[in-house]
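Asks: Dropping in final04.cif, with mmCIF, C-alpha atoms.
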data_final
#
loop_
_atom_site.label_atom_id
_atom_site.label_comp_id
_atom_site.auth_asym_id
_atom_site.auth_seq_id
_atom_site.Cartn_x
_atom_site.Cartn_y
_atom_site.Cartn_z
CA MET F 1269 0.00 0.00 0.00
CA ALA F 1270 1.39 3.40 -0.98
CA GLN F 1271 2.10 5.22 2.26
CA GLU F 1272 1.55 8.61 0.64
CA GLN F 1273 -2.13 7.92 0.07
CA GLU F 1274 -4.53 9.45 2.57
CA LEU F 1275 -6.81 6.79 3.91
CA TYR F 1276 -10.52 7.11 4.51
CA PHE F 1277 -12.66 4.82 6.64
CA GLU F 1278 -13.58 2.71 3.61
CA ASP F 1279 -9.90 1.99 2.95
CA PHE F 1280 -9.35 0.17 6.26
CA HIS F 1281 -10.00 -3.56 6.54
CA PRO F 1282 -9.24 -6.11 9.22
CA GLY F 1283 -5.87 -7.73 8.62
CA MET F 1284 -4.23 -4.70 6.97
CA LYS F 1285 -0.72 -4.17 8.31
CA PHE F 1286 1.33 -1.03 8.71
CA ASP F 1287 4.98 -1.30 9.66
CA SER F 1288 6.84 1.75 10.92
CA LEU F 1289 8.86 3.37 8.16
CA ARG F 1290 12.01 3.47 10.31
CA SER F 1291 13.45 2.66 13.68
CA TYR F 1292 13.45 5.28 16.43
CA LYS F 1293 16.71 5.50 18.37
CA VAL F 1294 16.19 6.23 22.06
CA THR F 1295 18.94 8.13 23.86
CA ALA F 1296 19.73 8.52 27.56
CA ASP F 1297 19.21 12.27 27.11
CA GLU F 1298 15.69 11.80 25.75
CA ILE F 1299 14.83 9.34 28.53
CA LYS F 1300 15.99 11.79 31.20
CA GLU F 1301 14.49 14.87 29.57
CA PHE F 1302 11.06 13.26 29.24
CA ALA F 1303 11.25 11.98 32.83
CA GLU F 1304 12.13 15.41 34.21
CA ARG F 1305 8.96 16.82 32.70
CA TYR F 1306 6.46 14.01 32.99
CA ASP F 1307 7.68 11.10 35.09
CA PRO F 1308 10.35 12.30 37.53
CA GLN F 1309 11.25 9.01 39.18
CA PRO F 1310 14.85 7.99 39.99
CA PHE F 1311 14.94 4.98 37.62
CA HIS F 1312 13.98 7.22 34.67
CA LEU F 1313 16.34 10.05 35.64
CA ASP F 1314 19.63 8.53 36.70
CA GLN F 1315 21.70 5.55 35.61
CA SER F 1316 22.95 4.57 39.05
CA ALA F 1317 19.55 5.03 40.68
CA GLY F 1318 18.17 2.83 37.93
CA GLU F 1319 20.69 0.09 38.68
CA SER F 1320 19.49 -0.30 42.25
CA SER F 1321 15.82 -0.29 41.21
CA PHE F 1322 13.24 -2.72 39.85
CA PHE F 1323 14.53 -1.95 36.35
CA LYS F 1324 18.21 -2.79 37.05
CA GLY F 1325 19.32 0.16 34.95
CA LEU F 1326 18.09 3.41 33.44
CA ALA F 1327 14.73 2.75 31.77
CA ALA F 1328 12.41 4.96 29.75
CA SER F 1329 9.09 6.04 31.21
CA GLY F 1330 6.38 3.87 29.70
CA TRP F 1331 4.71 7.10 28.63
CA LEU F 1332 7.76 8.04 26.58
CA THR F 1333 7.57 4.65 24.88
CA SER F 1334 3.88 5.30 24.21
CA ALA F 1335 4.71 8.69 22.70
CA ILE F 1336 7.39 7.19 20.45
CA VAL F 1337 4.91 4.54 19.31
CA MET F 1338 2.47 7.33 18.40
CA ARG F 1339 5.21 9.02 16.36
CA LEU F 1340 5.94 5.81 14.44
CA ARG F 1341 2.22 5.21 13.85
CA VAL F 1342 1.55 8.74 12.63
CA GLU F 1343 4.40 8.38 10.14
CA SER F 1344 3.14 5.06 8.79
CA ILE F 1345 -0.68 5.27 8.88
CA HIS F 1346 -1.91 8.27 6.91
CA VAL F 1347 -5.50 8.91 7.89
CA ALA F 1348 -7.23 11.62 5.86
CA GLY F 1349 -7.41 14.71 8.05
CA GLY F 1350 -5.09 13.17 10.65
CA MET F 1351 -5.13 10.35 13.17
CA ILE F 1352 -7.53 11.22 16.00
CA GLY F 1353 -7.47 8.86 18.94
CA ALA F 1354 -10.76 7.40 20.07
CA GLY F 1355 -9.32 5.65 23.09
CA VAL F 1356 -6.95 2.97 24.28
CA GLU F 1357 -8.51 -0.43 24.97
CA GLU F 1358 -5.36 -1.78 26.52
CA MET F 1359 -1.66 -1.08 26.65
CA ARG F 1360 1.12 -3.12 28.23
CA TRP F 1361 4.76 -2.29 28.74
CA THR F 1362 6.33 -5.70 28.40
CA HIS F 1363 10.07 -5.00 28.50
CA PRO F 1364 12.14 -2.01 29.66
CA VAL F 1365 13.28 0.48 27.02
CA ARG F 1366 16.95 1.35 27.48
CA PRO F 1367 19.32 4.05 26.20
CA GLY F 1368 20.48 3.05 22.72
CA ASP F 1369 17.41 0.97 21.90
CA SER F 1370 16.00 1.21 18.38
CA LEU F 1371 12.24 0.86 18.36
CA ARG F 1372 9.99 -0.13 15.48
CA THR F 1373 6.28 -0.85 15.32
CA GLU F 1374 3.97 -3.26 13.55
CA ALA F 1375 0.31 -2.29 13.49
CA GLU F 1376 -2.60 -4.40 12.33
CA ILE F 1377 -6.19 -3.38 11.74
CA MET F 1378 -8.47 -5.51 13.91
CA GLY F 1379 -11.86 -4.14 13.00
CA VAL F 1380 -13.85 -1.22 11.64
CA ARG F 1381 -17.25 0.13 12.57
CA HIS F 1382 -19.32 3.22 11.91
CA SER F 1383 -19.46 5.82 14.66
CA GLN F 1384 -22.88 6.24 16.24
CA SER F 1385 -22.16 9.69 17.60
CA ARG F 1386 -20.27 11.05 14.58
CA PRO F 1387 -21.98 9.86 11.38
CA GLN F 1388 -19.25 11.24 9.14
CA TYR F 1389 -16.59 9.07 10.84
CA GLY F 1390 -15.80 5.44 11.37
CA ILE F 1391 -13.82 3.87 14.19
CA VAL F 1392 -10.79 1.77 13.33
CA ARG F 1393 -9.51 -0.71 15.93
CA SER F 1394 -5.78 -1.34 15.70
CA ARG F 1395 -3.32 -3.56 17.49
CA THR F 1396 0.25 -2.29 17.68
CA THR F 1397 3.36 -4.14 18.76
CA CYS F 1398 6.58 -2.25 19.42
CA TYR F 1399 9.88 -4.13 19.20
CA ASN F 1400 13.43 -3.21 20.16
CA GLN F 1401 16.52 -4.04 18.07
CA ASN F 1402 16.60 -7.55 19.56
CA ASP F 1403 12.98 -8.18 18.51
CA GLU F 1404 11.89 -8.12 22.13
CA VAL F 1405 8.37 -6.76 22.50
CA VAL F 1406 8.51 -3.58 24.60
CA LEU F 1407 4.89 -2.44 24.21
CA ARG F 1408 1.59 -3.90 23.02
CA SER F 1409 -1.56 -1.86 22.61
CA ILE F 1410 -5.05 -1.88 21.20
CA VAL F 1411 -6.03 1.64 20.19
CA ASN F 1412 -9.10 2.94 18.38
CA PHE F 1413 -8.89 5.90 16.05
CA LEU F 1414 -11.32 7.86 13.92
CA ALA F 1415 -11.22 7.86 10.14
CA PRO F 1416 -13.52 10.07 8.06
CA LEU F 1417 -15.90 8.53 5.58
CA ARG F 1418 -14.88 9.21 2.00
CA PRO F 1419 -16.73 12.28 0.72
CA LYS F 1420 -19.56 11.38 -1.61
CA GLY F 1421 -18.66 11.51 -5.26
CA GLN F 1422 -14.94 11.01 -4.55
CA GLN F 1423 -13.55 7.90 -6.17
CA ASN F 1424 -11.38 5.41 -4.35
CA SER F 1425 -8.06 6.50 -5.85
CA MET U 1478 -3.24 10.62 54.20
CA ALA U 1479 0.19 12.23 54.53
CA GLN U 1480 1.56 12.50 51.01
CA GLU U 1481 5.15 12.21 52.21
CA GLN U 1482 4.66 8.65 53.40
CA GLU U 1483 5.92 5.94 51.06
CA LEU U 1484 3.19 3.44 50.43
CA TYR U 1485 3.56 -0.32 50.31
CA PHE U 1486 1.08 -2.78 48.82
CA GLU U 1487 -0.55 -3.31 52.21
CA ASP U 1488 -1.31 0.42 52.45
CA PHE U 1489 -3.59 0.47 49.39
CA HIS U 1490 -7.29 -0.28 49.75
CA PRO U 1491 -10.21 0.05 47.37
CA GLY U 1492 -11.87 3.43 47.71
CA MET U 1493 -8.71 5.34 48.68
CA LYS U 1494 -8.50 8.65 46.83
CA PHE U 1495 -5.53 10.68 45.72
CA ASP U 1496 -6.08 14.16 44.32
CA SER U 1497 -3.30 15.88 42.41
CA LEU U 1498 -1.39 18.30 44.62
CA ARG U 1499 -1.70 21.14 42.09
CA SER U 1500 -3.01 22.07 38.69
CA TYR U 1501 -0.80 21.75 35.63
CA LYS U 1502 -0.97 24.70 33.25
CA VAL U 1503 -0.73 23.68 29.59
CA THR U 1504 0.80 26.19 27.19
CA ALA U 1505 0.66 26.46 23.40
CA ASP U 1506 4.45 26.07 23.38
CA GLU U 1507 4.31 22.78 25.26
CA ILE U 1508 1.52 21.48 22.99
CA LYS U 1509 3.54 22.32 19.86
CA GLU U 1510 6.87 21.11 21.25
CA PHE U 1511 5.45 17.73 22.26
CA ALA U 1512 3.71 17.41 18.90
CA GLU U 1513 6.88 18.15 16.94
CA ARG U 1514 8.60 15.25 18.66
CA TYR U 1515 5.86 12.67 19.11
CA ASP U 1516 2.66 13.53 17.28
CA PRO U 1517 3.42 15.87 14.38
CA GLN U 1518 -0.09 16.46 13.08
CA PRO U 1519 -1.35 19.89 11.93
CA PHE U 1520 -4.01 20.25 14.66
CA HIS U 1521 -1.37 19.75 17.37
CA LEU U 1522 1.22 22.02 15.71
CA ASP U 1523 -0.55 25.08 14.43
CA GLN U 1524 -3.45 27.24 15.63
CA SER U 1525 -4.94 27.97 12.22
CA ALA U 1526 -4.55 24.39 11.02
CA GLY U 1527 -6.30 23.36 14.21
CA GLU U 1528 -9.21 25.70 13.52
CA SER U 1529 -10.03 24.00 10.23
CA SER U 1530 -9.73 20.51 11.76
CA PHE U 1531 -11.86 18.11 13.78
CA PHE U 1532 -10.67 19.89 16.93
CA LYS U 1533 -11.76 23.42 15.85
CA GLY U 1534 -8.60 24.87 17.35
CA LEU U 1535 -5.13 23.92 18.55
CA ALA U 1536 -5.42 20.82 20.74
CA ALA U 1537 -2.87 18.84 22.73
CA SER U 1538 -1.87 15.38 21.61
CA GLY U 1539 -3.71 12.86 23.74
CA TRP U 1540 -0.30 11.42 24.57
CA LEU U 1541 0.78 14.75 26.05
CA THR U 1542 -2.33 14.73 28.21
CA SER U 1543 -1.45 11.17 29.29
CA ALA U 1544 2.07 12.27 30.18
CA ILE U 1545 0.79 15.22 32.24
CA VAL U 1546 -1.58 12.86 34.05
CA MET U 1547 1.39 10.63 34.89
CA ARG U 1548 3.23 13.65 36.28
CA LEU U 1549 0.29 14.58 38.52
CA ARG U 1550 -0.07 10.97 39.68
CA VAL U 1551 3.61 10.56 40.49
CA GLU U 1552 3.48 13.70 42.59
CA SER U 1553 0.43 12.59 44.55
CA ILE U 1554 0.77 8.79 44.95
CA HIS U 1555 4.05 7.91 46.63
CA VAL U 1556 4.69 4.22 46.06
CA ALA U 1557 7.72 2.83 47.90
CA GLY U 1558 10.48 2.42 45.33
CA GLY U 1559 8.51 4.33 42.70
CA MET U 1560 5.37 3.89 40.61
CA ILE U 1561 5.94 1.14 38.06
CA GLY U 1562 3.20 0.75 35.48
CA ALA U 1563 1.73 -2.71 35.04
CA GLY U 1564 -0.45 -1.74 32.11
CA VAL U 1565 -3.36 0.39 31.02
CA GLU U 1566 -6.76 -1.32 31.03
CA GLU U 1567 -8.43 1.56 29.26
CA MET U 1568 -7.88 5.22 28.53
CA ARG U 1569 -10.23 7.72 26.87
CA TRP U 1570 -9.62 11.26 25.77
CA THR U 1571 -13.01 12.78 26.38
CA HIS U 1572 -12.47 16.49 25.66
CA PRO U 1573 -9.75 18.45 23.83
CA VAL U 1574 -6.97 19.99 25.92
CA ARG U 1575 -6.32 23.58 24.84
CA PRO U 1576 -3.57 26.15 25.40
CA GLY U 1577 -4.12 27.78 28.79
CA ASP U 1578 -5.96 24.82 30.31
CA SER U 1579 -5.19 23.90 33.92
CA LEU U 1580 -5.38 20.18 34.50
CA ARG U 1581 -5.89 18.32 37.77
CA THR U 1582 -6.45 14.66 38.53
CA GLU U 1583 -8.50 12.58 40.91
CA ALA U 1584 -7.38 8.98 41.35
CA GLU U 1585 -9.20 6.22 43.17
CA ILE U 1586 -7.98 2.77 44.09
CA MET U 1587 -10.30 0.16 42.57
CA GLY U 1588 -8.68 -3.03 43.75
CA VAL U 1589 -5.53 -4.76 44.94
CA ARG U 1590 -4.19 -8.22 44.29
CA HIS U 1591 -0.97 -10.12 44.77
CA SER U 1592 1.25 -10.60 41.73
CA GLN U 1593 1.57 -14.19 40.58
CA SER U 1594 4.79 -13.60 38.68
CA ARG U 1595 6.46 -11.27 41.20
CA PRO U 1596 5.78 -12.57 44.73
CA GLN U 1597 7.37 -9.52 46.35
CA TYR U 1598 4.87 -7.18 44.63
CA GLY U 1599 1.18 -6.52 44.52
CA ILE U 1600 -0.83 -4.98 41.71
CA VAL U 1601 -2.92 -1.91 42.44
CA ARG U 1602 -5.75 -1.05 40.06
CA SER U 1603 -6.50 2.66 39.87
CA ARG U 1604 -9.03 4.81 38.08
CA THR U 1605 -7.95 8.34 37.23
CA THR U 1606 -10.05 11.23 36.01
CA CYS U 1607 -8.38 14.36 34.66
CA TYR U 1608 -10.34 17.61 34.69
CA ASN U 1609 -9.71 21.01 33.16
CA GLN U 1610 -10.35 24.35 34.88
CA ASN U 1611 -14.04 24.16 33.92
CA ASP U 1612 -14.37 20.72 35.51
CA GLU U 1613 -14.78 19.12 32.10
CA VAL U 1614 -13.33 15.62 32.03
CA VAL U 1615 -10.48 15.53 29.51
CA LEU U 1616 -9.16 12.01 30.22
CA ARG U 1617 -10.31 8.89 32.04
CA SER U 1618 -8.11 5.87 32.59
CA ILE U 1619 -7.81 2.62 34.44
CA VAL U 1620 -4.15 1.84 35.08
CA ASN U 1621 -2.51 -0.92 37.09
CA PHE U 1622 0.74 -0.33 38.94
CA LEU U 1623 3.06 -2.41 41.08
CA ALA U 1624 3.56 -1.79 44.78
CA PRO U 1625 6.13 -3.71 46.81
CA LEU U 1626 5.03 -5.77 49.78
CA ARG U 1627 6.14 -4.24 53.06
CA PRO U 1628 9.44 -5.82 54.11
CA LYS U 1629 8.98 -8.34 56.90
CA GLY U 1630 9.56 -6.95 60.35
CA GLN U 1631 8.86 -3.38 59.22
CA GLN U 1632 5.93 -1.83 61.06
CA ASN U 1633 3.12 -0.04 59.32
CA SER U 1634 4.21 3.51 60.15
#
Translate the structure of the given file into structure tokens.
Replies:
Amino acid sequence: MAQEQELYFEDFHPGMKFDSLRSYKVTADEIKEFAERYDPQPFHLDQSAGESSFFKGLAASGWLTSAIVMRLRVESIHVAGGMIGAGVEEMRWTHPVRPGDSLRTEAEIMGVRHSQSRPQYGIVRSRTTCYNQNDEVVLRSIVNFLAPLRPKGQQNS
Amino acid sequence: MAQEQELYFEDFHPGMKFDSLRSYKVTADEIKEFAERYDPQPFHLDQSAGESSFFKGLAASGWLTSAIVMRLRVESIHVAGGMIGAGVEEMRWTHPVRPGDSLRTEAEIMGVRHSQSRPQYGIVRSRTTCYNQNDEVVLRSIVNFLAPLRPKGQQNS
């Protein structure tokens, strides 16, 4: 599927897959900077504090990992008008993210349904798996997003 | 409950409430800066692009709102050894977050259970509601986190 094409609701089907277009390299600086603002806990801020913690080393906030996953999804799934989240059904952080990790995502469409409250939109249910450079799964999620119905009279290009 | 006290698994009970200790003021700069890094979509990056979008104005990435909620939770729920996420059961973005909004959270403990895989930890299930300055709900979530069992011989302080 051409990634440049903007996708309408009618273009999404269960089983469609969207791989991230690249890997995202995570640095110690980014881990610490994010933690200072949003998750100021010792194991996200300091290498030696991390070593004596649950994580046995500096680890990224799970919310940083979630944000990186959003970045990779936005780059690889081009919803017409933009990707608007309609809620997370579940999200698990399954392995620590470390400085130097390279993250990539695989997303799969699980289902599509029309929106009751917004008749001009459909809801697309997607499962995303985020892997590090060793193919360890670091995050799994099921997220719903909105996709607009194709305007009437516009052909499927 | 004294917020300075570090809480062990045994300290958590269903019905306990933890309000954020402050409001978090969201600026247009923070919305745009976060979007540039993690969610580079027009309605998160630019006021006028936002006005012609679904959001009818500049709106924060839902993942920025999630990160701010984590910040407010970390400040107000002091788990011994730190708050370690054990997964999101659900999360909904129920209202756009705008420049100038002041966000606060209310968290409630829903349940506690011992961890099968980590005998020295319990799992605490929490529901969090994030409000703006008009008491509109902008985010709701159910998140599980780990809490260590109180070391043997240590009194409940």
Asks: Using all C-alpha atoms paired in order, least-squares fit chain U onto chain F and give me the moved copy as a compact mmCIF listing (two decimals) with C-alpha atoms, in the coordinates of the input.
Replies:
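Output file result37.txt follows:
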# COMPACT_ATOMS: atom_id res chain seq x y z
CA MET U 1478 0.03 0.04 0.08
CA ALA U 1479 1.45 3.42 -0.93
CA GLN U 1480 2.14 5.28 2.30
CA GLU U 1481 1.55 8.66 0.67
CA GLN U 1482 -2.11 7.94 0.07
CA GLU U 1483 -4.53 9.46 2.57
CA LEU U 1484 -6.81 6.80 3.91
CA TYR U 1485 -10.53 7.11 4.50
CA PHE U 1486 -12.67 4.81 6.64
CA GLU U 1487 -13.59 2.71 3.61
CA ASP U 1488 -9.90 2.00 2.96
CA PHE U 1489 -9.35 0.17 6.26
CA HIS U 1490 -10.00 -3.56 6.51
CA PRO U 1491 -9.24 -6.11 9.20
CA GLY U 1492 -5.88 -7.73 8.62
CA MET U 1493 -4.24 -4.70 6.97
CA LYS U 1494 -0.72 -4.17 8.30
CA PHE U 1495 1.33 -1.04 8.70
CA ASP U 1496 4.98 -1.32 9.66
CA SER U 1497 6.84 1.73 10.92
CA LEU U 1498 8.86 3.36 8.16
CA ARG U 1499 12.03 3.46 10.28
CA SER U 1500 13.46 2.66 13.67
CA TYR U 1501 13.47 5.27 16.41
CA LYS U 1502 16.72 5.49 18.36
CA VAL U 1503 16.20 6.22 22.06
CA THR U 1504 18.95 8.12 23.86
CA ALA U 1505 19.73 8.51 27.56
CA ASP U 1506 19.20 12.26 27.12
CA GLU U 1507 15.70 11.79 25.75
CA ILE U 1508 14.82 9.32 28.54
CA LYS U 1509 16.00 11.78 31.21
CA GLU U 1510 14.49 14.86 29.57
CA PHE U 1511 11.06 13.25 29.24
CA ALA U 1512 11.26 11.99 32.82
CA GLU U 1513 12.14 15.41 34.21
CA ARG U 1514 8.97 16.82 32.69
CA TYR U 1515 6.46 13.99 32.98
CA ASP U 1516 7.68 11.10 35.09
CA PRO U 1517 10.36 12.30 37.50
CA GLN U 1518 11.26 9.02 39.17
CA PRO U 1519 14.86 8.00 40.00
CA PHE U 1520 14.94 4.99 37.63
CA HIS U 1521 13.98 7.22 34.68
CA LEU U 1522 16.35 10.06 35.64
CA ASP U 1523 19.62 8.54 36.71
CA GLN U 1524 21.71 5.54 35.63
CA SER U 1525 22.95 4.56 39.07
CA ALA U 1526 19.56 5.04 40.70
CA GLY U 1527 18.17 2.85 37.95
CA GLU U 1528 20.69 0.11 38.69
CA SER U 1529 19.49 -0.28 42.27
CA SER U 1530 15.81 -0.26 41.21
CA PHE U 1531 13.25 -2.70 39.86
CA PHE U 1532 14.54 -1.93 36.36
CA LYS U 1533 18.22 -2.79 37.07
CA GLY U 1534 19.33 0.16 34.97
CA LEU U 1535 18.10 3.41 33.45
CA ALA U 1536 14.74 2.76 31.78
CA ALA U 1537 12.41 4.96 29.75
CA SER U 1538 9.10 6.04 31.20
CA GLY U 1539 6.39 3.88 29.71
CA TRP U 1540 4.72 7.11 28.63
CA LEU U 1541 7.77 8.03 26.57
CA THR U 1542 7.58 4.65 24.88
CA SER U 1543 3.88 5.31 24.19
CA ALA U 1544 4.71 8.69 22.69
CA ILE U 1545 7.40 7.19 20.43
CA VAL U 1546 4.91 4.54 19.31
CA MET U 1547 2.48 7.32 18.39
CA ARG U 1548 5.21 9.01 16.36
CA LEU U 1549 5.94 5.80 14.43
CA ARG U 1550 2.22 5.22 13.84
CA VAL U 1551 1.56 8.74 12.61
CA GLU U 1552 4.39 8.38 10.13
CA SER U 1553 3.15 5.06 8.77
CA ILE U 1554 -0.68 5.27 8.86
CA HIS U 1555 -1.91 8.26 6.89
CA VAL U 1556 -5.51 8.91 7.88
CA ALA U 1557 -7.25 11.62 5.86
CA GLY U 1558 -7.41 14.71 8.06
CA GLY U 1559 -5.09 13.16 10.64
CA MET U 1560 -5.12 10.33 13.18
CA ILE U 1561 -7.52 11.20 15.99
CA GLY U 1562 -7.45 8.84 18.94
CA ALA U 1563 -10.76 7.38 20.06
CA GLY U 1564 -9.32 5.65 23.09
CA VAL U 1565 -6.96 2.96 24.26
CA GLU U 1566 -8.52 -0.44 24.95
CA GLU U 1567 -5.36 -1.79 26.51
CA MET U 1568 -1.66 -1.07 26.64
CA ARG U 1569 1.13 -3.12 28.24
CA TRP U 1570 4.76 -2.29 28.74
CA THR U 1571 6.31 -5.70 28.39
CA HIS U 1572 10.06 -4.99 28.51
CA PRO U 1573 12.14 -2.01 29.66
CA VAL U 1574 13.28 0.48 27.02
CA ARG U 1575 16.95 1.35 27.49
CA PRO U 1576 19.32 4.04 26.21
CA GLY U 1577 20.49 3.05 22.73
CA ASP U 1578 17.43 0.96 21.91
CA SER U 1579 16.00 1.20 18.39
CA LEU U 1580 12.24 0.86 18.36
CA ARG U 1581 9.98 -0.14 15.48
CA THR U 1582 6.28 -0.87 15.32
CA GLU U 1583 3.97 -3.27 13.56
CA ALA U 1584 0.31 -2.29 13.48
CA GLU U 1585 -2.60 -4.40 12.32
CA ILE U 1586 -6.19 -3.39 11.73
CA MET U 1587 -8.48 -5.52 13.90
CA GLY U 1588 -11.86 -4.15 12.97
CA VAL U 1589 -13.85 -1.23 11.62
CA ARG U 1590 -17.24 0.12 12.55
CA HIS U 1591 -19.31 3.21 11.91
CA SER U 1592 -19.46 5.82 14.66
CA GLN U 1593 -22.87 6.23 16.24
CA SER U 1594 -22.16 9.69 17.59
CA ARG U 1595 -20.25 11.04 14.56
CA PRO U 1596 -21.99 9.85 11.37
CA GLN U 1597 -19.25 11.25 9.15
CA TYR U 1598 -16.61 9.06 10.85
CA GLY U 1599 -15.80 5.44 11.36
CA ILE U 1600 -13.82 3.87 14.18
CA VAL U 1601 -10.79 1.76 13.32
CA ARG U 1602 -9.51 -0.69 15.92
CA SER U 1603 -5.78 -1.34 15.69
CA ARG U 1604 -3.32 -3.55 17.49
CA THR U 1605 0.25 -2.29 17.68
CA THR U 1606 3.36 -4.15 18.76
CA CYS U 1607 6.58 -2.24 19.42
CA TYR U 1608 9.86 -4.13 19.21
CA ASN U 1609 13.41 -3.22 20.15
CA GLN U 1610 16.51 -4.03 18.08
CA ASN U 1611 16.60 -7.55 19.55
CA ASP U 1612 12.99 -8.17 18.52
CA GLU U 1613 11.88 -8.13 22.14
CA VAL U 1614 8.37 -6.75 22.50
CA VAL U 1615 8.51 -3.58 24.60
CA LEU U 1616 4.88 -2.44 24.21
CA ARG U 1617 1.59 -3.89 23.02
CA SER U 1618 -1.56 -1.85 22.60
CA ILE U 1619 -5.04 -1.88 21.20
CA VAL U 1620 -6.04 1.64 20.18
CA ASN U 1621 -9.11 2.93 18.37
CA PHE U 1622 -8.90 5.90 16.03
CA LEU U 1623 -11.34 7.86 13.91
CA ALA U 1624 -11.24 7.85 10.13
CA PRO U 1625 -13.52 10.07 8.05
CA LEU U 1626 -15.91 8.53 5.58
CA ARG U 1627 -14.89 9.20 1.99
CA PRO U 1628 -16.72 12.29 0.74
CA LYS U 1629 -19.57 11.40 -1.59
CA GLY U 1630 -18.69 11.52 -5.24
CA GLN U 1631 -14.97 11.05 -4.54
CA GLN U 1632 -13.57 7.92 -6.16
CA ASN U 1633 -11.46 5.42 -4.32
CA SER U 1634 -8.10 6.45 -5.78
Asks: Please write the residues picked by the PyMOL selection byres ((chain F and resi 1411) around 9) on this file as a PyMOL selection string.
Replies: chain F and resi 1353-1359+1392-1396+1409-1410+1412-1413
Asks: Residues within 12 Å of range 1286-1289 of chain F, please, as a compact mmCIF listing (two decimals) with C-alpha atoms, keeping the file's coordinate frame. Count all atoms listed in the file; anything in the same chain fewer than 3 positions from it doesn't count.
Replies:
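Once written, selection_2.txt looks like this:
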# COMPACT_ATOMS: atom_id res chain seq x y z
CA MET F 1269 0.00 0.00 0.00
CA ALA F 1270 1.39 3.40 -0.98
CA GLN F 1271 2.10 5.22 2.26
CA GLU F 1272 1.55 8.61 0.64
CA PHE F 1280 -9.35 0.17 6.26
CA HIS F 1281 -10.00 -3.56 6.54
CA PRO F 1282 -9.24 -6.11 9.22
CA GLY F 1283 -5.87 -7.73 8.62
CA TYR F 1292 13.45 5.28 16.43
CA ILE F 1336 7.39 7.19 20.45
CA VAL F 1337 4.91 4.54 19.31
CA MET F 1338 2.47 7.33 18.40
CA ARG F 1339 5.21 9.02 16.36
CA LEU F 1340 5.94 5.81 14.44
CA ARG F 1341 2.22 5.21 13.85
CA VAL F 1342 1.55 8.74 12.63
CA GLU F 1343 4.40 8.38 10.14
CA SER F 1344 3.14 5.06 8.79
CA ILE F 1345 -0.68 5.27 8.88
CA HIS F 1346 -1.91 8.27 6.91
CA SER F 1370 16.00 1.21 18.38
CA LEU F 1371 12.24 0.86 18.36
CA ARG F 1372 9.99 -0.13 15.48
CA THR F 1373 6.28 -0.85 15.32
CA GLU F 1374 3.97 -3.26 13.55
CA ALA F 1375 0.31 -2.29 13.49
CA GLU F 1376 -2.60 -4.40 12.33
CA ILE F 1377 -6.19 -3.38 11.74
CA MET F 1378 -8.47 -5.51 13.91
CA SER F 1394 -5.78 -1.34 15.70
CA ARG F 1395 -3.32 -3.56 17.49
CA THR F 1396 0.25 -2.29 17.68
CA THR F 1397 3.36 -4.14 18.76
CA CYS F 1398 6.58 -2.25 19.42
CA TYR F 1399 9.88 -4.13 19.20
Asks: Just how far from CA of Ala1328 in chain F is CA of Tyr1306 in chain F, in Å to one decimal?
Replies: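 Computed distance, CA of Tyr1306 in chain F to CA of Ala1328 in chain F, equals 11.3 Å.
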Asks: So which residues get picked by the PyMOL selection byres ((chain U and resi 1535) around 6) here, written as a PyMOL selection string?
Replies: chain U and resi 1520-1521+1524+1527+1534+1536
Asks: Quick check, in Å to one decimal: how far apart do CA of Pro1576 in chain U and CA of Gln1388 in chain F lie?
Replies: 27.1 Å
Asks: Measuring atom to atom with all atoms listed in the file, identify which of U:Pro1517, U:Gly1588, U:Gly1599, U:Gly1577 is nearest to Phe1486 in chain U.
Replies: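 Ranked by minimum distance to Phe1486 in chain U, first place goes to U:Gly1599.
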